[in-house]
Every structure is written in structure tokens, then in C-alpha cells.
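For reference, run-v3.cif (mmCIF, N, CA and C atoms):
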data_my_file
#
loop_
_atom_site.label_atom_id
_atom_site.label_comp_id
_atom_site.auth_asym_id
_atom_site.auth_seq_id
_atom_site.Cartn_x
_atom_site.Cartn_y
_atom_site.Cartn_z
N MET Q 1 -12.90 15.62 10.75
CA MET Q 1 -11.69 14.85 10.68
C MET Q 1 -10.75 15.38 11.76
N GLN Q 2 -10.04 14.47 12.35
CA GLN Q 2 -9.06 14.83 13.36
C GLN Q 2 -7.72 14.21 12.98
N TYR Q 3 -6.67 15.01 12.99
CA TYR Q 3 -5.33 14.51 12.69
C TYR Q 3 -4.65 14.10 13.99
N ILE Q 4 -4.00 12.95 13.96
CA ILE Q 4 -3.28 12.42 15.12
C ILE Q 4 -1.81 12.33 14.73
N ALA Q 5 -0.95 12.98 15.47
CA ALA Q 5 0.49 12.94 15.19
C ALA Q 5 1.08 11.68 15.84
N CYS Q 6 1.39 10.71 14.99
CA CYS Q 6 1.99 9.48 15.49
C CYS Q 6 2.61 8.73 14.32
N GLY Q 7 3.50 7.82 14.64
CA GLY Q 7 4.05 6.96 13.61
C GLY Q 7 3.09 5.82 13.34
N ALA Q 8 3.12 5.31 12.13
CA ALA Q 8 2.22 4.20 11.76
C ALA Q 8 2.60 2.90 12.47
N GLU Q 9 3.80 2.86 13.03
CA GLU Q 9 4.24 1.65 13.74
C GLU Q 9 3.55 1.49 15.10
N HIS Q 10 2.99 2.57 15.63
CA HIS Q 10 2.33 2.53 16.95
C HIS Q 10 1.07 3.38 16.88
N LEU Q 11 -0.01 2.84 16.33
CA LEU Q 11 -1.25 3.59 16.20
C LEU Q 11 -1.98 3.62 17.55
N PRO Q 12 -2.36 4.82 18.03
CA PRO Q 12 -2.96 4.94 19.36
C PRO Q 12 -4.48 4.71 19.36
N PHE Q 13 -4.89 3.57 18.78
CA PHE Q 13 -6.31 3.26 18.68
C PHE Q 13 -6.54 1.82 19.15
N PRO Q 14 -7.72 1.56 19.70
CA PRO Q 14 -8.04 0.18 20.11
C PRO Q 14 -8.14 -0.75 18.90
N ASP Q 15 -8.06 -2.04 19.15
CA ASP Q 15 -8.24 -3.04 18.10
C ASP Q 15 -9.58 -2.83 17.41
N ALA Q 16 -9.62 -3.12 16.11
CA ALA Q 16 -10.85 -3.09 15.31
C ALA Q 16 -11.56 -1.74 15.40
N SER Q 17 -10.81 -0.64 15.37
CA SER Q 17 -11.38 0.70 15.52
C SER Q 17 -12.04 1.26 14.26
N PHE Q 18 -11.63 0.81 13.08
CA PHE Q 18 -12.05 1.50 11.86
C PHE Q 18 -12.67 0.55 10.84
N ASP Q 19 -13.75 1.01 10.23
CA ASP Q 19 -14.39 0.26 9.15
C ASP Q 19 -13.57 0.35 7.87
N ILE Q 20 -12.88 1.46 7.69
CA ILE Q 20 -12.04 1.65 6.50
C ILE Q 20 -10.71 2.25 6.94
N VAL Q 21 -9.63 1.65 6.49
CA VAL Q 21 -8.28 2.17 6.71
C VAL Q 21 -7.65 2.33 5.33
N CYS Q 22 -7.01 3.47 5.12
CA CYS Q 22 -6.37 3.77 3.83
C CYS Q 22 -4.88 4.03 4.04
N ALA Q 23 -4.08 3.52 3.14
CA ALA Q 23 -2.65 3.84 3.10
C ALA Q 23 -2.38 4.28 1.66
N PHE Q 24 -2.45 5.58 1.44
CA PHE Q 24 -2.27 6.14 0.11
C PHE Q 24 -0.90 6.79 0.01
N ASN Q 25 -0.05 6.21 -0.82
CA ASN Q 25 1.29 6.73 -1.06
C ASN Q 25 2.06 6.92 0.25
N SER Q 26 1.96 5.94 1.14
CA SER Q 26 2.61 6.07 2.44
C SER Q 26 3.37 4.82 2.90
N LEU Q 27 2.97 3.65 2.45
CA LEU Q 27 3.54 2.42 2.99
C LEU Q 27 5.04 2.30 2.74
N ASP Q 28 5.52 2.85 1.63
CA ASP Q 28 6.96 2.78 1.35
C ASP Q 28 7.76 3.85 2.11
N HIS Q 29 7.07 4.69 2.88
CA HIS Q 29 7.74 5.74 3.64
C HIS Q 29 7.95 5.38 5.11
N VAL Q 30 7.57 4.17 5.52
CA VAL Q 30 7.69 3.79 6.93
C VAL Q 30 9.04 3.12 7.20
N ASP Q 31 9.44 3.17 8.45
CA ASP Q 31 10.72 2.55 8.84
C ASP Q 31 10.60 1.06 9.11
N ASN Q 32 9.48 0.64 9.72
CA ASN Q 32 9.32 -0.76 10.09
C ASN Q 32 8.05 -1.31 9.43
N LEU Q 33 8.21 -1.83 8.22
CA LEU Q 33 7.08 -2.28 7.42
C LEU Q 33 6.29 -3.39 8.11
N ASP Q 34 6.96 -4.37 8.71
CA ASP Q 34 6.25 -5.47 9.38
C ASP Q 34 5.37 -4.95 10.50
N GLN Q 35 5.89 -4.02 11.27
CA GLN Q 35 5.13 -3.46 12.39
C GLN Q 35 3.91 -2.68 11.88
N VAL Q 36 4.07 -1.93 10.80
CA VAL Q 36 2.96 -1.16 10.24
C VAL Q 36 1.87 -2.09 9.71
N ILE Q 37 2.26 -3.15 9.03
CA ILE Q 37 1.28 -4.11 8.52
C ILE Q 37 0.50 -4.72 9.69
N GLY Q 38 1.20 -5.04 10.76
CA GLY Q 38 0.53 -5.57 11.95
C GLY Q 38 -0.45 -4.58 12.54
N GLU Q 39 -0.08 -3.31 12.56
CA GLU Q 39 -0.97 -2.27 13.08
C GLU Q 39 -2.20 -2.08 12.19
N ILE Q 40 -2.00 -2.12 10.88
CA ILE Q 40 -3.14 -2.00 9.97
C ILE Q 40 -4.10 -3.16 10.20
N ASN Q 41 -3.58 -4.37 10.23
CA ASN Q 41 -4.43 -5.53 10.49
C ASN Q 41 -5.16 -5.42 11.83
N ARG Q 42 -4.49 -4.85 12.81
CA ARG Q 42 -5.07 -4.73 14.15
C ARG Q 42 -6.22 -3.73 14.19
N VAL Q 43 -6.10 -2.58 13.53
CA VAL Q 43 -7.11 -1.53 13.69
C VAL Q 43 -8.27 -1.63 12.71
N VAL Q 44 -8.16 -2.46 11.66
CA VAL Q 44 -9.30 -2.64 10.76
C VAL Q 44 -10.34 -3.52 11.46
N ALA Q 45 -11.59 -3.04 11.49
CA ALA Q 45 -12.68 -3.77 12.14
C ALA Q 45 -13.04 -5.02 11.34
N TRP Q 46 -13.65 -5.98 12.01
CA TRP Q 46 -14.17 -7.16 11.33
C TRP Q 46 -15.19 -6.70 10.29
N GLN Q 47 -15.11 -7.26 9.11
CA GLN Q 47 -15.91 -6.89 7.95
C GLN Q 47 -15.51 -5.51 7.39
N GLY Q 48 -14.40 -4.96 7.86
CA GLY Q 48 -13.91 -3.67 7.39
C GLY Q 48 -13.07 -3.82 6.13
N SER Q 49 -12.63 -2.68 5.62
CA SER Q 49 -11.85 -2.63 4.38
C SER Q 49 -10.53 -1.93 4.61
N PHE Q 50 -9.54 -2.36 3.85
CA PHE Q 50 -8.24 -1.68 3.80
C PHE Q 50 -7.97 -1.34 2.35
N LEU Q 51 -7.64 -0.08 2.08
CA LEU Q 51 -7.34 0.40 0.74
C LEU Q 51 -5.87 0.78 0.68
N LEU Q 52 -5.17 0.21 -0.28
CA LEU Q 52 -3.73 0.42 -0.42
C LEU Q 52 -3.42 1.03 -1.78
N LEU Q 53 -2.64 2.08 -1.76
CA LEU Q 53 -2.10 2.68 -2.98
C LEU Q 53 -0.63 2.96 -2.69
N THR Q 54 0.26 2.33 -3.46
CA THR Q 54 1.68 2.45 -3.13
C THR Q 54 2.56 2.35 -4.37
N ASP Q 55 3.70 3.00 -4.28
CA ASP Q 55 4.74 2.82 -5.30
C ASP Q 55 5.37 1.44 -5.09
N ILE Q 56 5.73 0.81 -6.19
CA ILE Q 56 6.50 -0.42 -6.14
C ILE Q 56 7.88 -0.08 -6.69
N HIS Q 57 8.87 -0.18 -5.84
CA HIS Q 57 10.25 0.08 -6.26
C HIS Q 57 11.16 -0.89 -5.51
N ARG Q 58 12.23 -1.26 -6.14
CA ARG Q 58 13.09 -2.32 -5.58
C ARG Q 58 14.21 -1.81 -4.68
N HIS Q 59 14.46 -0.52 -4.71
CA HIS Q 59 15.60 0.00 -3.96
C HIS Q 59 15.15 1.07 -2.97
N PRO Q 60 15.47 0.88 -1.68
CA PRO Q 60 15.10 1.89 -0.70
C PRO Q 60 15.86 3.20 -0.92
N THR Q 61 15.24 4.29 -0.50
CA THR Q 61 15.88 5.60 -0.53
C THR Q 61 15.71 6.23 0.85
N VAL Q 62 16.29 7.40 1.04
CA VAL Q 62 16.16 8.09 2.32
C VAL Q 62 14.69 8.40 2.60
N LEU Q 63 13.96 8.86 1.59
CA LEU Q 63 12.56 9.22 1.78
C LEU Q 63 11.61 8.03 1.68
N GLU Q 64 12.04 6.97 1.03
CA GLU Q 64 11.21 5.77 0.87
C GLU Q 64 12.02 4.55 1.34
N PRO Q 65 12.17 4.41 2.67
CA PRO Q 65 13.06 3.37 3.20
C PRO Q 65 12.53 1.95 3.05
N SER Q 66 11.23 1.79 2.80
CA SER Q 66 10.67 0.45 2.62
C SER Q 66 10.45 0.18 1.14
N ALA Q 67 11.24 -0.72 0.60
CA ALA Q 67 11.10 -1.12 -0.80
C ALA Q 67 10.54 -2.53 -0.83
N PHE Q 68 9.57 -2.76 -1.69
CA PHE Q 68 8.94 -4.07 -1.78
C PHE Q 68 8.43 -4.28 -3.19
N SER Q 69 8.02 -5.51 -3.48
CA SER Q 69 7.55 -5.85 -4.82
C SER Q 69 6.04 -6.03 -4.79
N TRP Q 70 5.52 -6.49 -5.93
CA TRP Q 70 4.07 -6.67 -6.08
C TRP Q 70 3.50 -7.64 -5.05
N ASP Q 71 4.33 -8.53 -4.52
CA ASP Q 71 3.81 -9.51 -3.57
C ASP Q 71 3.56 -8.93 -2.18
N ILE Q 72 3.68 -7.62 -2.02
CA ILE Q 72 3.35 -6.98 -0.75
C ILE Q 72 1.92 -7.32 -0.33
N THR Q 73 1.05 -7.57 -1.28
CA THR Q 73 -0.34 -7.89 -0.95
C THR Q 73 -0.44 -9.15 -0.10
N ALA Q 74 0.44 -10.10 -0.32
CA ALA Q 74 0.41 -11.36 0.44
C ALA Q 74 0.68 -11.13 1.92
N ARG Q 75 1.31 -10.02 2.26
CA ARG Q 75 1.65 -9.74 3.65
C ARG Q 75 0.42 -9.38 4.48
N PHE Q 76 -0.70 -9.08 3.83
CA PHE Q 76 -1.94 -8.76 4.54
C PHE Q 76 -2.85 -9.98 4.70
N LEU Q 77 -2.42 -11.10 4.14
CA LEU Q 77 -3.17 -12.35 4.22
C LEU Q 77 -2.60 -13.19 5.36
N PRO Q 78 -3.28 -14.03 6.03
CA PRO Q 78 -4.67 -14.43 5.83
C PRO Q 78 -5.67 -13.59 6.62
N GLU Q 79 -5.20 -12.57 7.36
CA GLU Q 79 -6.13 -11.76 8.15
C GLU Q 79 -7.17 -11.07 7.28
N MET Q 80 -6.82 -10.79 6.03
CA MET Q 80 -7.73 -10.13 5.11
C MET Q 80 -7.76 -10.89 3.79
N ASP Q 81 -8.83 -10.69 3.06
CA ASP Q 81 -8.94 -11.22 1.70
C ASP Q 81 -8.71 -10.07 0.73
N MET Q 82 -7.94 -10.31 -0.32
CA MET Q 82 -7.76 -9.28 -1.34
C MET Q 82 -8.96 -9.35 -2.28
N VAL Q 83 -9.67 -8.24 -2.40
CA VAL Q 83 -10.87 -8.17 -3.23
C VAL Q 83 -10.50 -7.83 -4.67
N GLU Q 84 -9.58 -6.89 -4.83
CA GLU Q 84 -9.14 -6.51 -6.17
C GLU Q 84 -7.78 -5.83 -6.08
N GLN Q 85 -7.08 -5.84 -7.22
CA GLN Q 85 -5.82 -5.11 -7.31
C GLN Q 85 -5.63 -4.63 -8.74
N ARG Q 86 -4.90 -3.53 -8.87
CA ARG Q 86 -4.51 -3.00 -10.17
C ARG Q 86 -3.02 -2.73 -10.13
N ARG Q 87 -2.33 -3.09 -11.21
CA ARG Q 87 -0.90 -2.82 -11.36
C ARG Q 87 -0.75 -1.86 -12.52
N ILE Q 88 -0.15 -0.70 -12.24
CA ILE Q 88 -0.05 0.38 -13.21
C ILE Q 88 1.42 0.70 -13.46
N GLU Q 89 1.75 0.98 -14.72
CA GLU Q 89 3.10 1.44 -15.06
C GLU Q 89 3.31 2.84 -14.49
N TYR Q 90 4.46 3.05 -13.87
CA TYR Q 90 4.84 4.38 -13.38
C TYR Q 90 5.40 5.14 -14.57
N THR Q 91 4.79 6.24 -14.90
CA THR Q 91 5.15 7.00 -16.09
C THR Q 91 6.09 8.14 -15.72
N VAL Q 92 7.20 8.25 -16.43
CA VAL Q 92 8.15 9.34 -16.24
C VAL Q 92 7.69 10.53 -17.08
N PHE Q 93 7.58 11.69 -16.44
CA PHE Q 93 7.07 12.88 -17.12
C PHE Q 93 8.10 13.97 -17.31
N SER Q 94 9.36 13.74 -16.89
CA SER Q 94 10.35 14.81 -17.02
C SER Q 94 11.68 14.23 -17.48
N PRO Q 95 12.52 15.07 -18.09
CA PRO Q 95 13.85 14.59 -18.53
C PRO Q 95 14.72 14.12 -17.36
N GLU Q 96 14.46 14.63 -16.16
CA GLU Q 96 15.25 14.24 -14.99
C GLU Q 96 14.85 12.86 -14.47
N GLY Q 97 13.81 12.27 -15.05
CA GLY Q 97 13.38 10.94 -14.64
C GLY Q 97 12.31 10.95 -13.57
N PHE Q 98 11.75 12.13 -13.28
CA PHE Q 98 10.71 12.20 -12.26
C PHE Q 98 9.36 11.88 -12.86
N GLY Q 99 8.58 11.16 -12.10
CA GLY Q 99 7.24 10.82 -12.51
C GLY Q 99 6.23 11.35 -11.52
N ASP Q 100 5.01 10.98 -11.70
CA ASP Q 100 3.95 11.42 -10.82
C ASP Q 100 2.97 10.27 -10.64
N MET Q 101 2.81 9.84 -9.40
CA MET Q 101 1.93 8.71 -9.13
C MET Q 101 0.53 8.97 -9.64
N TYR Q 102 -0.02 10.12 -9.35
CA TYR Q 102 -1.42 10.38 -9.67
C TYR Q 102 -1.63 10.56 -11.17
N GLN Q 103 -0.68 11.18 -11.85
CA GLN Q 103 -0.78 11.28 -13.31
C GLN Q 103 -0.65 9.90 -13.95
N SER Q 104 0.19 9.06 -13.38
CA SER Q 104 0.33 7.69 -13.88
C SER Q 104 -0.97 6.93 -13.71
N LEU Q 105 -1.64 7.13 -12.59
CA LEU Q 105 -2.93 6.47 -12.36
C LEU Q 105 -3.98 6.95 -13.34
N ILE Q 106 -3.99 8.26 -13.62
CA ILE Q 106 -4.94 8.80 -14.59
C ILE Q 106 -4.69 8.20 -15.96
N ARG Q 107 -3.42 8.09 -16.32
CA ARG Q 107 -3.08 7.48 -17.61
C ARG Q 107 -3.50 6.02 -17.63
N GLY Q 108 -3.29 5.31 -16.54
CA GLY Q 108 -3.82 3.97 -16.35
C GLY Q 108 -3.24 2.87 -17.21
N THR Q 109 -1.98 3.00 -17.62
CA THR Q 109 -1.35 1.95 -18.41
C THR Q 109 -1.06 0.74 -17.52
N ARG Q 110 -1.65 -0.39 -17.83
CA ARG Q 110 -1.44 -1.60 -17.03
C ARG Q 110 0.03 -2.00 -17.06
N TYR Q 111 0.52 -2.44 -15.91
CA TYR Q 111 1.91 -2.88 -15.78
C TYR Q 111 2.10 -4.17 -16.57
N ASN Q 112 3.06 -4.17 -17.45
CA ASN Q 112 3.34 -5.34 -18.29
C ASN Q 112 4.33 -6.24 -17.56
N ILE Q 113 3.83 -7.31 -16.96
CA ILE Q 113 4.71 -8.20 -16.18
C ILE Q 113 5.63 -9.03 -17.07
N LYS Q 114 5.34 -9.08 -18.37
CA LYS Q 114 6.21 -9.82 -19.30
C LYS Q 114 7.47 -9.03 -19.64
N ASN Q 115 7.45 -7.73 -19.39
CA ASN Q 115 8.62 -6.89 -19.63
C ASN Q 115 9.57 -7.07 -18.45
N ALA Q 116 10.72 -7.68 -18.67
CA ALA Q 116 11.66 -8.01 -17.59
C ALA Q 116 12.51 -6.82 -17.13
N LYS Q 117 12.42 -5.70 -17.81
CA LYS Q 117 13.20 -4.52 -17.43
C LYS Q 117 12.80 -4.05 -16.03
N GLU Q 118 13.79 -3.79 -15.18
CA GLU Q 118 13.51 -3.30 -13.83
C GLU Q 118 12.98 -1.88 -13.91
N ARG Q 119 11.80 -1.68 -13.36
CA ARG Q 119 11.19 -0.36 -13.37
C ARG Q 119 10.15 -0.28 -12.26
N ASP Q 120 9.77 0.93 -11.92
CA ASP Q 120 8.79 1.15 -10.86
C ASP Q 120 7.38 0.95 -11.38
N GLY Q 121 6.49 0.76 -10.45
CA GLY Q 121 5.09 0.63 -10.77
C GLY Q 121 4.25 1.16 -9.64
N ILE Q 122 2.94 1.10 -9.83
CA ILE Q 122 2.01 1.56 -8.81
C ILE Q 122 1.00 0.45 -8.58
N LEU Q 123 0.76 0.14 -7.32
CA LEU Q 123 -0.18 -0.89 -6.94
C LEU Q 123 -1.35 -0.26 -6.21
N SER Q 124 -2.55 -0.58 -6.63
CA SER Q 124 -3.73 -0.25 -5.82
C SER Q 124 -4.43 -1.57 -5.51
N ALA Q 125 -4.85 -1.71 -4.27
CA ALA Q 125 -5.50 -2.95 -3.85
C ALA Q 125 -6.55 -2.64 -2.80
N ARG Q 126 -7.58 -3.47 -2.81
CA ARG Q 126 -8.65 -3.36 -1.80
C ARG Q 126 -8.77 -4.71 -1.11
N PHE Q 127 -8.77 -4.66 0.22
CA PHE Q 127 -8.86 -5.84 1.06
C PHE Q 127 -10.12 -5.78 1.91
N HIS Q 128 -10.60 -6.94 2.29
CA HIS Q 128 -11.75 -7.05 3.17
C HIS Q 128 -11.35 -7.97 4.33
N LYS Q 129 -11.61 -7.51 5.54
CA LYS Q 129 -11.27 -8.33 6.71
C LYS Q 129 -12.44 -9.28 7.00
N HIS Q 130 -12.14 -10.58 7.08
CA HIS Q 130 -13.20 -11.56 7.28
C HIS Q 130 -13.84 -11.38 8.66
N SER Q 131 -14.96 -12.05 8.80
CA SER Q 131 -15.64 -12.01 10.09
C SER Q 131 -14.85 -12.84 11.09
N GLN Q 132 -15.09 -12.62 12.37
CA GLN Q 132 -14.39 -13.35 13.43
C GLN Q 132 -14.70 -14.84 13.37
N ALA Q 133 -15.83 -15.20 12.80
CA ALA Q 133 -16.24 -16.61 12.77
C ALA Q 133 -15.37 -17.45 11.84
N GLN Q 134 -14.66 -16.82 10.90
CA GLN Q 134 -13.86 -17.59 9.93
C GLN Q 134 -12.59 -18.10 10.53
#

Take the structure in the file and write it out as C-alpha cells.
Amino acid sequence: MQYIACGAEHLPFPDASFDIVCAFNSLDHVDNLDQVIGEINRVVAWQGSFLLLTDIHRHPTVLEPSAFSWDITARFLPEMDMVEQRRIEYTVFSPEGFGDMYQSLIRGTRYNIKNAKERDGILSARFHKHSQAQ
């Protein structure tokens, strides 16, 4: 493995460089979400996969400047097809209100969309990039 120091907005790789691209707990930490999505679509190879794991929160913070909802998956279409997704309740584990993404995933409580209370969640999704012929 080789680490490359760069922002996700400007990936220093040729088009269609990777069979698998992962964004694990990172998409909400970027400054320019549209540019990052474009870069992800650009570097995933034809017939490749994109794996997304992200917090869903409605309000940006200093550390998480990109806030988005469950419909973030639509932003990767039509360049990719969504193969599957899971919506998980973000579980608070401390009196201060702090939670843990990975512990929430282990617990695996499905996000109840009928509950109208504003709260965070966790989205995992797998995408497949269609062939050039499509």
C-alpha cells in the first residue's frame, strides 16, 4: 500500500484507475463535495465498485463541513448503479452525546424512517460502475 498526500478534490490518478474505491467515514469531511463526487466517478474503472460508509447529519461542523441526507446516493447516479445500501441508527454511547460509528454498525439497528425526530444516521452503500457500452 502506498499513501498519497492529497485532497480528495484533486486526485492525482488517471481516469478509471481503480477497480475498487472506498470512502469510509470521510465524505462528510471534505470541503467541496461536488468536486469529490466527480473525482470518485472519474477514478473508478468501468465495471469497478465504489464503497461508501458515511455519517448522515444535517448540520455542518468545523470537522465535518459537508452535511447531507440519505439521498447522497443519488449524486453518484447515473454514472454508477447502486447495488445495495443500509441505513443504520447512530447510537449515542456517552452522557455527553458522543457516539461511535463502528459500534453503531456492530449494533446494526436499522434506521427508522418513520421516526420524524431529527437525528444522525450511518449509511453504507455499494455502487457498480456500468460498462462503457451502456

* Show which residues sit within 8 Å of stretch 80-86 of chain Q, as a list in words. Count only N, CA and C atoms, and ignore same-chain residues fewer than 4 positions away. =>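 Skipping anything fewer than 4 positions along the chain leaves Asn41, Thr73, Arg75, Phe76, Arg110, Tyr111, Ile122, Leu123, Ser124, Ala125, Arg126, Phe127, His128, Lys129 and His130 of chain Q.
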
* To do: Please provide the set of residues having any atom within 6.5 Å of Q:Leu27, restricted to only N, CA and C atoms, with same-chain residues fewer than 3 positions apart removed, written as a ChimeraX atom specification.
  => /Q:23-24,30,53-54,66

* **Separation of atom CA of Q:Pro65 from atom CA of Q:Glu89 in Å** => 20.9 Å

* Using atom CA of Q:Arg87 and atom C of Q:Asp28 as the two end points, give the distance in Å to one decimal. => 17.3 Å

* May I ask for the distance between atom C of Q:Phe93 and atom N of Q:Asp71, given in Å to one decimal place? =>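 Separation of atom C of Q:Phe93 and atom N of Q:Asp71: 26.2 Å.
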
As AutoDock Vina command-line options, what would the box around stretch 37-51 of chain Q look like: edges along x, y and z, 4 Å added on every side, centre and edge lengths in Å to one decimal?
--center_x -6.8 --center_y -3.2 --center_z 7.4 --size_x 26.2 --size_y 16.0 --size_z 21.5

Expanded to explicit residues, what is the PyMOL selection byres ((chain Q and resi 16-20) around 6.5) for this file, as a PDB file with N, CA and C atoms, keeping the file's coordinate frame?
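Output file expr31.pdb is given in full below:
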ATOM      1  N   PHE Q  13      -4.890   3.570  18.780  1.00  0.00           N
ATOM      2  CA  PHE Q  13      -6.310   3.260  18.680  1.00  0.00           C
ATOM      3  C   PHE Q  13      -6.540   1.820  19.150  1.00  0.00           C
ATOM      4  N   PRO Q  14      -7.720   1.560  19.700  1.00  0.00           N
ATOM      5  CA  PRO Q  14      -8.040   0.180  20.110  1.00  0.00           C
ATOM      6  C   PRO Q  14      -8.140  -0.750  18.900  1.00  0.00           C
ATOM      7  N   ASP Q  15      -8.060  -2.040  19.150  1.00  0.00           N
ATOM      8  CA  ASP Q  15      -8.240  -3.040  18.100  1.00  0.00           C
ATOM      9  C   ASP Q  15      -9.580  -2.830  17.410  1.00  0.00           C
ATOM     10  N   VAL Q  21      -9.630   1.650   6.490  1.00  0.00           N
ATOM     11  CA  VAL Q  21      -8.280   2.170   6.710  1.00  0.00           C
ATOM     12  C   VAL Q  21      -7.650   2.330   5.330  1.00  0.00           C
ATOM     13  N   CYS Q  22      -7.010   3.470   5.120  1.00  0.00           N
ATOM     14  CA  CYS Q  22      -6.370   3.770   3.830  1.00  0.00           C
ATOM     15  C   CYS Q  22      -4.880   4.030   4.040  1.00  0.00           C
ATOM     16  N   ARG Q  42      -4.490  -4.850  12.810  1.00  0.00           N
ATOM     17  CA  ARG Q  42      -5.070  -4.730  14.150  1.00  0.00           C
ATOM     18  C   ARG Q  42      -6.220  -3.730  14.190  1.00  0.00           C
ATOM     19  N   VAL Q  43      -6.100  -2.580  13.530  1.00  0.00           N
ATOM     20  CA  VAL Q  43      -7.110  -1.530  13.690  1.00  0.00           C
ATOM     21  C   VAL Q  43      -8.270  -1.630  12.710  1.00  0.00           C
ATOM     22  N   VAL Q  44      -8.160  -2.460  11.660  1.00  0.00           N
ATOM     23  CA  VAL Q  44      -9.300  -2.640  10.760  1.00  0.00           C
ATOM     24  C   VAL Q  44     -10.340  -3.520  11.460  1.00  0.00           C
ATOM     25  N   ALA Q  45     -11.590  -3.040  11.490  1.00  0.00           N
ATOM     26  CA  ALA Q  45     -12.680  -3.770  12.140  1.00  0.00           C
ATOM     27  C   ALA Q  45     -13.040  -5.020  11.340  1.00  0.00           C
ATOM     28  N   TRP Q  46     -13.650  -5.980  12.010  1.00  0.00           N
ATOM     29  CA  TRP Q  46     -14.170  -7.160  11.330  1.00  0.00           C
ATOM     30  C   TRP Q  46     -15.190  -6.700  10.290  1.00  0.00           C
ATOM     31  N   GLN Q  47     -15.110  -7.260   9.110  1.00  0.00           N
ATOM     32  CA  GLN Q  47     -15.910  -6.890   7.950  1.00  0.00           C
ATOM     33  C   GLN Q  47     -15.510  -5.510   7.390  1.00  0.00           C
ATOM     34  N   GLY Q  48     -14.400  -4.960   7.860  1.00  0.00           N
ATOM     35  CA  GLY Q  48     -13.910  -3.670   7.390  1.00  0.00           C
ATOM     36  C   GLY Q  48     -13.070  -3.820   6.130  1.00  0.00           C
ATOM     37  N   SER Q  49     -12.630  -2.680   5.620  1.00  0.00           N
ATOM     38  CA  SER Q  49     -11.850  -2.630   4.380  1.00  0.00           C
ATOM     39  C   SER Q  49     -10.530  -1.930   4.610  1.00  0.00           C
ATOM     40  N   PHE Q  50      -9.540  -2.360   3.850  1.00  0.00           N
ATOM     41  CA  PHE Q  50      -8.240  -1.680   3.800  1.00  0.00           C
ATOM     42  C   PHE Q  50      -7.970  -1.340   2.350  1.00  0.00           C
ATOM     43  N   LEU Q  51      -7.640  -0.080   2.080  1.00  0.00           N
ATOM     44  CA  LEU Q  51      -7.340   0.400   0.740  1.00  0.00           C
ATOM     45  C   LEU Q  51      -5.870   0.780   0.680  1.00  0.00           C
TER      46      LEU Q  51
END

Per-residue nearest contacts of stretch 20-129 of chain Q to stretch 4-11 of chain Q (7 Å; only C-alpha atoms) as JSON lines:
{"residue": "Q:Asn32", "atom": "CA", "partner": "Q:Glu9", "partner_atom": "CA", "distance": 6.7}
{"residue": "Q:Gln35", "atom": "CA", "partner": "Q:Glu9", "partner_atom": "CA", "distance": 5.4}
{"residue": "Q:Val36", "atom": "CA", "partner": "Q:Glu9", "partner_atom": "CA", "distance": 4.7}
{"residue": "Q:Glu39", "atom": "CA", "partner": "Q:Glu9", "partner_atom": "CA", "distance": 6.6}

* For each of Q:Ile88, Q:Asp34, Q:Leu63, Q:Ile72, take the minimum atom-to-atom distance to Q:Arg119, counting only C-alpha atoms, then give the residue where this is smallest. =>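 Smallest separation from Q:Arg119 among the options: Q:Ile88.
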
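All residues in stretch 51-89 of chain Q with a DSSP state of strand (DSSP E or B), computed from the backbone, read Leu51, Leu52, Leu53, Thr54, Asp55, Ile56, His57, Phe68, Met80, Asp81, Met82, Val83, Glu84, Gln85, Arg86, Arg87, Ile88 and Glu89 of chain Q.
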
* To do: Output the residue selection produced by the PyMOL selection byres (((chain Q and resi 57 and name CA) around 7) and name CA) on the file above, formatted as number ranges by chain.
  => Q: 55-56, 58-59, 67-69, 120-121

Produce a file of the selected residues containing N, CA and C atoms, as a tab-separated table (two decimals), in the coordinates of the input.
chain	number	residue	atom	x	y	z
Q	55	ASP	N	3.70	3.00	-4.28
Q	55	ASP	CA	4.74	2.82	-5.30
Q	55	ASP	C	5.37	1.44	-5.09
Q	56	ILE	N	5.73	0.81	-6.19
Q	56	ILE	CA	6.50	-0.42	-6.14
Q	56	ILE	C	7.88	-0.08	-6.69
Q	58	ARG	N	12.23	-1.26	-6.14
Q	58	ARG	CA	13.09	-2.32	-5.58
Q	58	ARG	C	14.21	-1.81	-4.68
Q	59	HIS	N	14.46	-0.52	-4.71
Q	59	HIS	CA	15.60	0.00	-3.96
Q	59	HIS	C	15.15	1.07	-2.97
Q	67	ALA	N	11.24	-0.72	0.60
Q	67	ALA	CA	11.10	-1.12	-0.80
Q	67	ALA	C	10.54	-2.53	-0.83
Q	68	PHE	N	9.57	-2.76	-1.69
Q	68	PHE	CA	8.94	-4.07	-1.78
Q	68	PHE	C	8.43	-4.28	-3.19
Q	69	SER	N	8.02	-5.51	-3.48
Q	69	SER	CA	7.55	-5.85	-4.82
Q	69	SER	C	6.04	-6.03	-4.79
Q	120	ASP	N	9.77	0.93	-11.92
Q	120	ASP	CA	8.79	1.15	-10.86
Q	120	ASP	C	7.38	0.95	-11.38
Q	121	GLY	N	6.49	0.76	-10.45
Q	121	GLY	CA	5.09	0.63	-10.77
Q	121	GLY	C	4.25	1.16	-9.64

* Asked: Could you write out, as a list of chain:residue names, all the residues of stretch 34-84 of chain Q that DSSP marks as helix (DSSP H, G or I)?
  ->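 Those residues are Q:Asp34, Q:Gln35, Q:Val36, Q:Ile37, Q:Gly38, Q:Glu39, Q:Ile40, Q:Asn41, Q:Arg42, Q:Val43, Q:Trp70, Q:Asp71, Q:Ile72, Q:Thr73, Q:Ala74, Q:Arg75, Q:Phe76.
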
* Pick from Q:Thr109, Q:Thr61, Q:Ser104, Q:Thr91, whichever lies nearest to Q:Asp31 using only C-alpha atoms -> Q:Thr61
